[in-house]
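Colleague: My questions all concern the structure below.
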Amino acid sequence: MSTTNGLVCFTNCLLPQEDGTLLEKDLWIDQRRGVILDAQKTFFLRKERPDTVIDLGGNILSPGLIDLQINGAYGFDFSVFDGDEKTYSEGLANVAKKIVETGVTSLVPTIITQEKSLYPTLLRLLRPLSTPASANLLGWHAEGPFIDMAKRGAHAPSFLLPASKGLKSFEEVYGAENLAEKEDWLMASTNDAGVRIITAAPEIPGVMDVVSELDHRGVVFSIGHSVATSAIATAAVRNGARLITHLFNAMPQLHHRDPSIIGLLGASPHLETHFSPITAQLYSGMQSPVGKQVTGIRSPIDGSEAFDQNETPPQTPLFKRGQGGLTPSSPKDFTRPFYELIVDGIHSHPNSVRLAYSAYPEGCILITDAMKILDPHLQDGVHEWRDGKRFVKEGDKLYLEGTNTLAGSVVTLDKCVRNFTKFTGCTLGEAIKCATVNPAKCLGIENKKGTLRAGADADLVVLDKQGFVLRTWVKGQEAWTNGWNM
């Protein structure tokens, strides 16, 4: 698409607003700079109108979707490194190029718990990257190794670690250079540090002490793979935790006496007395209750790391305040954290999705948590996976051949948006907000991504009124089209 003055006007379209409504209004962009413009200000300053006008036929022009948790796609697994950096980089580039067909224009590649020596190389390769006509790689999301054994999912137990040295333990694993001060969220020309999100269990020894420092450095601390009590989860949030990893999965089920991590969605900022009726001994998957062997914990099974592959010990979360347990920090302003939802109808029942959204709509973030087999063109049937294993794909359901073990998510983020409207009864504009505005706010980049504000990157996706992707732009350049004629 060529223009004379570089200005493009999208007209006859519905623009998602940050409150979840849809507004019929034109949108101007500067294609050369790749940014969204204030139409009125641009006209009065430049004394010119866009040379290119694109009629969108009454469809929706949304900010590009943002996926905060994705393990791989199109045959590439972000957590697998075979020693060839060129091949790994090419795999990353291929995912970024192809995933725009699902409306995703920004993503945070996620790696699960690794052997310690692999982190320096992987995290260096996963630093922020932006290339023409491809989704923006915003940096990395590390799940583990500071997670609870009892909620490890598919994470290898031999690689799990305590943070006995506090921040130094995190620096030894991820690299001090990757936890640099004052992270540059606006993706300037130098992106030496790529950390965006770290998922950890606040009950693991030493982790709670690190939360506030990570928050100070601009890192999103996400509570996940954890058996934290309400008191511990609340303390983590007061210390700076801003996110909950794949809500409902790899955490205790909701219990009316101790709602644990899920209960944060209903947490009151006014309650300073910490209700803690459970009187069991302090328990963490890193350490068994004294004199007892914890039963029901099995070896990891290949599958979605979001799924709780291990039986939770009875009456968990099992902590008692005052007997070696962690207690909340001194009361201060309390803001409920954002929370991730995998809306494929498999990881979480539609009723659970609706319950969470009803409790706290402003914190909802849609993710895929997709495995490397995410590919909307992949046919149902038996496919090769890894280590000689094969998986069976039936729609959005994946399971290991010969078993009922779920092998992860294959849902695309645009389908999560469509599912979300069905599961919750919300409008399409409200669902779009959960895949654009909310994840951008969580990362602190809402002035540049996930928004139609003037000055933001012109990362855009055209959706029909059912939420299907028609076209995608990245930085003002068309990156994908389904052939729909505008």
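In the structure tokens, chains take letters A, B, ... by order of appearance, with residues numbered from 1 within each chain and ligands from 1 in the order shown.
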Would you please give, as a PyMOL selection string, all residues of stretch 63-263 of chain A that DSSP assigns to alpha helix (DSSP H) based on the backbone?

Modeller: chain A and resi 85-98+119-125+167-174+208-216+230-239

Colleague: Give me the residues near A:Ser169 as a VMD selection string, where near means some atom within 10 Å (using only C-alpha atoms) and where sequence neighbours in that chain fewer than 5 positions away do not count.

Modeller: chain A and resid 146 161 to 164 174 to 176 206 to 207 210

Colleague: Which stretch 85-160 of chain A residues have any atom within 12 Å of an atom of stretch 41-63 of chain A, and for each, what is the nearest pair of atoms with distance in Å to one decimal, counting only C-alpha atoms, rows sorted by chain and number, as JSON lines?

Modeller:
```
{"residue": "A:Gly103", "atom": "CA", "partner": "A:Pro63", "partner_atom": "CA", "distance": 9.1}
{"residue": "A:Val104", "atom": "CA", "partner": "A:Pro63", "partner_atom": "CA", "distance": 9.4}
{"residue": "A:Thr105", "atom": "CA", "partner": "A:Pro63", "partner_atom": "CA", "distance": 8.6}
{"residue": "A:Ser106", "atom": "CA", "partner": "A:Pro63", "partner_atom": "CA", "distance": 10.4}
```

Colleague: Residues of the last selection are to be written out with all heavy atoms, as a tab-separated table (two decimals), in the first residue's frame.

Modeller:
```
chain	number	residue	atom	x	y	z
A	103	GLY	N	-4.61	-12.27	14.78
A	103	GLY	CA	-4.86	-10.95	15.35
A	103	GLY	C	-3.86	-10.53	16.41
A	103	GLY	O	-3.93	-9.42	16.93
A	104	VAL	N	-2.90	-11.40	16.74
A	104	VAL	CA	-1.89	-11.09	17.75
A	104	VAL	C	-0.79	-10.24	17.12
A	104	VAL	O	-0.17	-10.65	16.14
A	104	VAL	CB	-1.29	-12.37	18.35
A	104	VAL	CG1	-0.10	-12.05	19.26
A	104	VAL	CG2	-2.35	-13.13	19.14
A	105	THR	N	-0.55	-9.06	17.67
A	105	THR	CA	0.52	-8.20	17.17
A	105	THR	C	1.65	-8.03	18.19
A	105	THR	O	2.67	-7.44	17.88
A	105	THR	CB	-0.02	-6.81	16.80
A	105	THR	OG1	-0.66	-6.23	17.94
A	105	THR	CG2	-1.02	-6.91	15.65
A	106	SER	N	1.43	-8.53	19.41
A	106	SER	CA	2.48	-8.52	20.43
A	106	SER	C	2.34	-9.76	21.30
A	106	SER	O	1.22	-10.17	21.61
A	106	SER	CB	2.38	-7.28	21.33
A	106	SER	OG	2.60	-6.09	20.60
```

Colleague: Excluding stretch 264-271 of chain A and its own-chain neighbours fewer than 2 positions away, which residues fall within 8 Å of it when counting only C-alpha atoms? Please give them as a ChimeraX atom specification.

Modeller: /A:230,233-234,259-262,273-274,333-337,356,359-360

Colleague: Please write the residues from the selection above to a file, keeping all heavy atoms, as a tab-separated table (two decimals), in the first residue's frame.

Modeller:
```
chain	number	residue	atom	x	y	z
A	230	SER	N	-4.60	-17.57	51.51
A	230	SER	CA	-5.09	-16.21	51.27
A	230	SER	C	-4.14	-15.18	51.87
A	230	SER	O	-3.85	-14.15	51.26
A	230	SER	CB	-6.48	-16.04	51.87
A	230	SER	OG	-7.42	-16.85	51.22
A	233	ALA	N	-0.91	-15.05	49.71
A	233	ALA	CA	-1.21	-14.44	48.40
A	233	ALA	C	-1.46	-12.95	48.54
A	233	ALA	O	-0.99	-12.14	47.73
A	233	ALA	CB	-2.42	-15.14	47.78
A	234	THR	N	-2.18	-12.56	49.59
A	234	THR	CA	-2.46	-11.15	49.83
A	234	THR	C	-1.17	-10.39	50.14
A	234	THR	O	-0.95	-9.27	49.66
A	234	THR	CB	-3.45	-10.98	50.99
A	234	THR	OG1	-4.67	-11.64	50.65
A	234	THR	CG2	-3.74	-9.51	51.26
A	259	PRO	N	-9.94	-19.05	50.56
A	259	PRO	CA	-10.07	-19.06	49.09
A	259	PRO	C	-8.75	-18.98	48.35
A	259	PRO	O	-8.74	-19.02	47.12
A	259	PRO	CB	-10.93	-17.82	48.81
A	259	PRO	CG	-10.70	-16.93	49.99
A	259	PRO	CD	-10.49	-17.83	51.16
A	260	SER	N	-7.65	-18.85	49.08
A	260	SER	CA	-6.32	-18.92	48.48
A	260	SER	C	-6.14	-17.89	47.37
A	260	SER	O	-6.63	-16.77	47.46
A	260	SER	CB	-6.05	-20.34	47.98
A	260	SER	OG	-4.74	-20.49	47.48
A	261	ILE	N	-5.44	-18.25	46.31
A	261	ILE	CA	-5.08	-17.32	45.24
A	261	ILE	C	-6.32	-16.84	44.49
A	261	ILE	O	-6.46	-15.66	44.17
A	261	ILE	CB	-4.09	-18.00	44.27
A	261	ILE	CG1	-2.83	-18.40	45.02
A	261	ILE	CG2	-3.74	-17.07	43.11
A	261	ILE	CD1	-1.98	-19.43	44.31
A	262	ILE	N	-7.25	-17.76	44.23
A	262	ILE	CA	-8.47	-17.40	43.51
A	262	ILE	C	-9.24	-16.32	44.27
A	262	ILE	O	-9.85	-15.43	43.68
A	262	ILE	CB	-9.35	-18.64	43.27
A	262	ILE	CG1	-8.59	-19.67	42.43
A	262	ILE	CG2	-10.66	-18.27	42.59
A	262	ILE	CD1	-9.29	-21.02	42.32
A	273	THR	N	-7.67	-7.41	59.16
A	273	THR	CA	-7.56	-8.59	60.00
A	273	THR	C	-7.52	-9.81	59.10
A	273	THR	O	-8.43	-10.05	58.33
A	273	THR	CB	-8.76	-8.70	60.95
A	273	THR	OG1	-8.81	-7.53	61.75
A	273	THR	CG2	-8.64	-9.93	61.82
A	274	HIS	N	-6.46	-10.58	59.19
A	274	HIS	CA	-6.23	-11.68	58.26
A	274	HIS	C	-6.82	-12.97	58.82
A	274	HIS	O	-6.29	-13.57	59.73
A	274	HIS	CB	-4.74	-11.82	57.96
A	274	HIS	CG	-4.17	-10.56	57.42
A	274	HIS	ND1	-4.39	-10.17	56.12
A	274	HIS	CD2	-3.43	-9.59	58.01
A	274	HIS	CE1	-3.78	-9.00	55.92
A	274	HIS	NE2	-3.20	-8.64	57.04
A	333	ASP	N	-2.13	0.56	50.57
A	333	ASP	CA	-3.13	0.50	49.51
A	333	ASP	C	-3.08	-0.85	48.81
A	333	ASP	O	-2.02	-1.32	48.42
A	333	ASP	CB	-2.88	1.62	48.50
A	333	ASP	CG	-3.18	2.99	49.08
A	333	ASP	OD1	-3.90	3.04	50.09
A	333	ASP	OD2	-2.69	3.99	48.53
A	334	PHE	N	-4.26	-1.43	48.66
A	334	PHE	CA	-4.34	-2.77	48.07
A	334	PHE	C	-5.08	-2.70	46.75
A	334	PHE	O	-6.21	-2.21	46.68
A	334	PHE	CB	-5.07	-3.72	49.03
A	334	PHE	CG	-5.15	-5.13	48.51
A	334	PHE	CD1	-4.13	-6.03	48.75
A	334	PHE	CD2	-6.25	-5.56	47.77
A	334	PHE	CE1	-4.21	-7.33	48.27
A	334	PHE	CE2	-6.34	-6.85	47.29
A	334	PHE	CZ	-5.30	-7.74	47.54
A	335	THR	N	-4.44	-3.17	45.68
A	335	THR	CA	-5.05	-3.24	44.37
A	335	THR	C	-5.08	-4.69	43.93
A	335	THR	O	-4.05	-5.36	43.92
A	335	THR	CB	-4.26	-2.42	43.33
A	335	THR	OG1	-4.20	-1.05	43.76
A	335	THR	CG2	-4.92	-2.48	41.97
A	336	ARG	N	-6.25	-5.18	43.62
A	336	ARG	CA	-6.35	-6.57	43.18
A	336	ARG	C	-5.50	-6.79	41.93
A	336	ARG	O	-5.43	-5.93	41.06
A	336	ARG	CB	-7.81	-6.93	42.89
A	336	ARG	CG	-8.66	-7.09	44.13
A	336	ARG	CD	-10.11	-7.37	43.80
A	336	ARG	NE	-10.79	-6.19	43.25
A	336	ARG	CZ	-12.06	-6.19	42.86
A	336	ARG	NH1	-12.78	-7.31	42.93
A	336	ARG	NH2	-12.60	-5.09	42.39
A	337	PRO	N	-4.85	-7.95	41.83
A	337	PRO	CA	-3.97	-8.20	40.68
A	337	PRO	C	-4.77	-8.54	39.43
A	337	PRO	O	-5.93	-8.96	39.50
A	337	PRO	CB	-3.14	-9.40	41.13
A	337	PRO	CG	-4.06	-10.14	42.05
A	337	PRO	CD	-4.84	-9.08	42.78
A	356	ALA	N	-15.28	-15.67	37.46
A	356	ALA	CA	-14.11	-14.82	37.65
A	356	ALA	C	-14.34	-13.43	37.07
A	356	ALA	O	-14.05	-12.41	37.71
A	356	ALA	CB	-12.89	-15.47	36.98
A	359	ALA	N	-16.63	-11.30	39.11
A	359	ALA	CA	-16.01	-10.84	40.35
A	359	ALA	C	-15.09	-9.64	40.12
A	359	ALA	O	-15.04	-8.72	40.94
A	359	ALA	CB	-15.22	-11.97	41.00
A	360	TYR	N	-14.38	-9.66	38.99
A	360	TYR	CA	-13.37	-8.61	38.79
A	360	TYR	C	-13.10	-8.43	37.29
A	360	TYR	O	-12.06	-8.85	36.78
A	360	TYR	CB	-12.10	-8.98	39.54
A	360	TYR	CG	-11.01	-7.93	39.52
A	360	TYR	CD1	-11.30	-6.56	39.47
A	360	TYR	CD2	-9.67	-8.30	39.57
A	360	TYR	CE1	-10.30	-5.61	39.46
A	360	TYR	CE2	-8.66	-7.35	39.57
A	360	TYR	CZ	-8.97	-6.01	39.51
A	360	TYR	OH	-7.99	-5.07	39.50
```

Colleague: Write out as a list of chain:residue names which residues come within 6 Å of A:Leu470 when counting only C-alpha atoms, dropping same-chain ones fewer than 6 positions away.

Modeller: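 Result of the neighbour search: A:Val462, A:Leu463, A:Thr481, A:Asn482.
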
Colleague: Using only C-alpha atoms, which residues of stretch 8-121 of chain A come within 10 Å of stretch 408-415 of chain A, and what is the closest atom pair for each, with the distance in Å to one decimal? Give it as JSON lines, sorted by chain and residue number.

Modeller:
```
{"residue": "A:Leu65", "atom": "CA", "partner": "A:Leu413", "partner_atom": "CA", "distance": 7.5}
{"residue": "A:Ile66", "atom": "CA", "partner": "A:Leu413", "partner_atom": "CA", "distance": 8.4}
{"residue": "A:Asp67", "atom": "CA", "partner": "A:Leu413", "partner_atom": "CA", "distance": 7.2}
{"residue": "A:Ile70", "atom": "CA", "partner": "A:Ser409", "partner_atom": "CA", "distance": 9.3}
{"residue": "A:Asn71", "atom": "CA", "partner": "A:Ser409", "partner_atom": "CA", "distance": 9.4}
{"residue": "A:Gly72", "atom": "CA", "partner": "A:Val410", "partner_atom": "CA", "distance": 9.8}
{"residue": "A:Ala73", "atom": "CA", "partner": "A:Val410", "partner_atom": "CA", "distance": 8.5}
{"residue": "A:Ile99", "atom": "CA", "partner": "A:Thr412", "partner_atom": "CA", "distance": 9.0}
{"residue": "A:Glu101", "atom": "CA", "partner": "A:Asp414", "partner_atom": "CA", "distance": 9.4}
{"residue": "A:Thr102", "atom": "CA", "partner": "A:Asp414", "partner_atom": "CA", "distance": 5.7}
{"residue": "A:Gly103", "atom": "CA", "partner": "A:Asp414", "partner_atom": "CA", "distance": 6.3}
{"residue": "A:Val104", "atom": "CA", "partner": "A:Leu413", "partner_atom": "CA", "distance": 7.2}
```

Colleague: Suppose we keep N, CA, C and O atoms; can you now write the selection as a short mmCIF file (atom, residue, chain, number, x, y, z; two decimals), in the first residue's frame?

Modeller:
```
data_model
loop_
_atom_site.label_atom_id
_atom_site.label_comp_id
_atom_site.auth_asym_id
_atom_site.auth_seq_id
_atom_site.Cartn_x
_atom_site.Cartn_y
_atom_site.Cartn_z
N LEU A 65 -4.07 -7.67 19.26
CA LEU A 65 -4.18 -8.48 20.48
C LEU A 65 -2.80 -8.73 21.07
O LEU A 65 -1.80 -8.81 20.36
N ILE A 66 -2.76 -8.90 22.39
CA ILE A 66 -1.50 -9.14 23.12
C ILE A 66 -1.62 -10.44 23.90
O ILE A 66 -2.54 -10.60 24.69
N ASP A 67 -0.70 -11.37 23.69
CA ASP A 67 -0.69 -12.65 24.40
C ASP A 67 0.47 -12.66 25.40
O ASP A 67 1.64 -12.69 25.00
N ILE A 70 2.47 -17.63 26.10
CA ILE A 70 2.42 -18.55 24.96
C ILE A 70 3.73 -19.32 24.93
O ILE A 70 4.80 -18.74 24.94
N ASN A 71 3.63 -20.65 24.93
CA ASN A 71 4.81 -21.51 25.03
C ASN A 71 5.45 -21.85 23.69
O ASN A 71 6.55 -22.37 23.64
N GLY A 72 4.74 -21.56 22.61
CA GLY A 72 5.24 -21.85 21.28
C GLY A 72 4.10 -21.86 20.29
O GLY A 72 2.93 -21.70 20.65
N ALA A 73 4.43 -22.05 19.01
CA ALA A 73 3.42 -22.10 17.96
C ALA A 73 4.08 -22.50 16.65
O ALA A 73 5.31 -22.41 16.52
N ILE A 99 1.84 -15.58 13.38
CA ILE A 99 0.80 -15.46 14.40
C ILE A 99 -0.09 -14.23 14.18
O ILE A 99 -1.19 -14.14 14.75
N GLU A 101 -1.91 -13.73 11.82
CA GLU A 101 -3.18 -14.18 11.24
C GLU A 101 -4.24 -14.42 12.31
O GLU A 101 -5.43 -14.47 11.99
N THR A 102 -3.83 -14.54 13.56
CA THR A 102 -4.78 -14.70 14.67
C THR A 102 -5.11 -13.37 15.35
O THR A 102 -5.78 -13.36 16.37
N GLY A 103 -4.61 -12.27 14.78
CA GLY A 103 -4.86 -10.95 15.35
C GLY A 103 -3.86 -10.53 16.41
O GLY A 103 -3.93 -9.42 16.93
N VAL A 104 -2.90 -11.40 16.74
CA VAL A 104 -1.89 -11.09 17.75
C VAL A 104 -0.79 -10.24 17.12
O VAL A 104 -0.17 -10.65 16.14
#
```

Colleague: Quick one: everything within 8 Å of A:Ile365, counting only C-alpha atoms, minus sequence neighbours fewer than 3 positions away in the same chain. Send it as a PyMOL selection string.

Modeller: chain A and resi 338-341+434-435+438-439

Colleague: Find the residue from A:Gly166, A:Leu400, A:Trp28, A:Ser158 that sits nearest to A:Gly455; use only C-alpha atoms when measuring.

Modeller: A:Trp28

Colleague: Skipping near chain neighbours, those fewer than 2 positions away, what residues fall within 7 Å of A:Asn239 using only C-alpha atoms, listed as a ChimeraX atom specification?

Modeller: /A:211-212,235-237,241

Colleague: Using the selection just defined, write its residues with C-alpha atoms as a tab-separated table (two decimals), in the first residue's frame.

Modeller:
```tsv
chain	number	residue	atom	x	y	z
A	211	VAL	CA	8.62	-9.51	45.12
A	212	SER	CA	8.94	-5.82	45.96
A	235	ALA	CA	0.99	-10.39	51.24
A	236	ALA	CA	2.52	-11.00	47.81
A	237	VAL	CA	0.08	-8.53	46.24
A	241	ALA	CA	2.63	-8.94	42.72
```

Colleague: Mind giving me the straight-line distance from atom CA of A:Asn136 to atom CA of A:Ile36 in Å, one decimal?

Modeller: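 Taking atom CA of A:Asn136 and atom CA of A:Ile36, their separation equals 16.6 Å.
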
Colleague: Distance atom CA of A:Gly425-atom CA of A:Asp396, one decimal place?

Modeller: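 Atom-to-atom, atom CA of A:Gly425 and atom CA of A:Asp396 are spaced 21.0 Å apart.
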
Colleague: Identify, with DSSP run on backbone atoms, the residues in stretch 3-202 of chain A assigned to strand (DSSP E), and express the list as an NGL selection string.

Modeller: :A and (7-11 or 14-16 or 22-24 or 27-30 or 35-37 or 52-55 or 60-63 or 65-70 or 72-73 or 76-77 or 104-111 or 136-137 or 140-143 or 195-200)

Colleague: Between atom CA of A:Val417 and atom CA of A:Leu366, what is the distance, to one decimal in Å?

Modeller: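 That distance, rounded to one decimal, is 7.5 Å.
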
Colleague: Using only C-alpha atoms, find the one residue out of A:Ile373, A:Val173, A:His256, A:Gln17 that sits nearest to A:Arg390.

Modeller: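 Checking each candidate against A:Arg390, we get A:Ile373 as the closest.
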
Colleague: Pick the closest to A:Asp464 from A:Ala479, A:Ala150, A:Leu428, A:Val343: which is it, counting only C-alpha atoms?

Modeller: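 Distance minimum relative to A:Asp464 lands on A:Leu428.
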
Colleague: Would you mind telling me which residue in A:Gln466, A:Glu384, A:Val8, A:His155 lies nearest to A:Arg33 when using only C-alpha atoms?

Modeller: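 Selected residue with least distance to A:Arg33: A:Val8.
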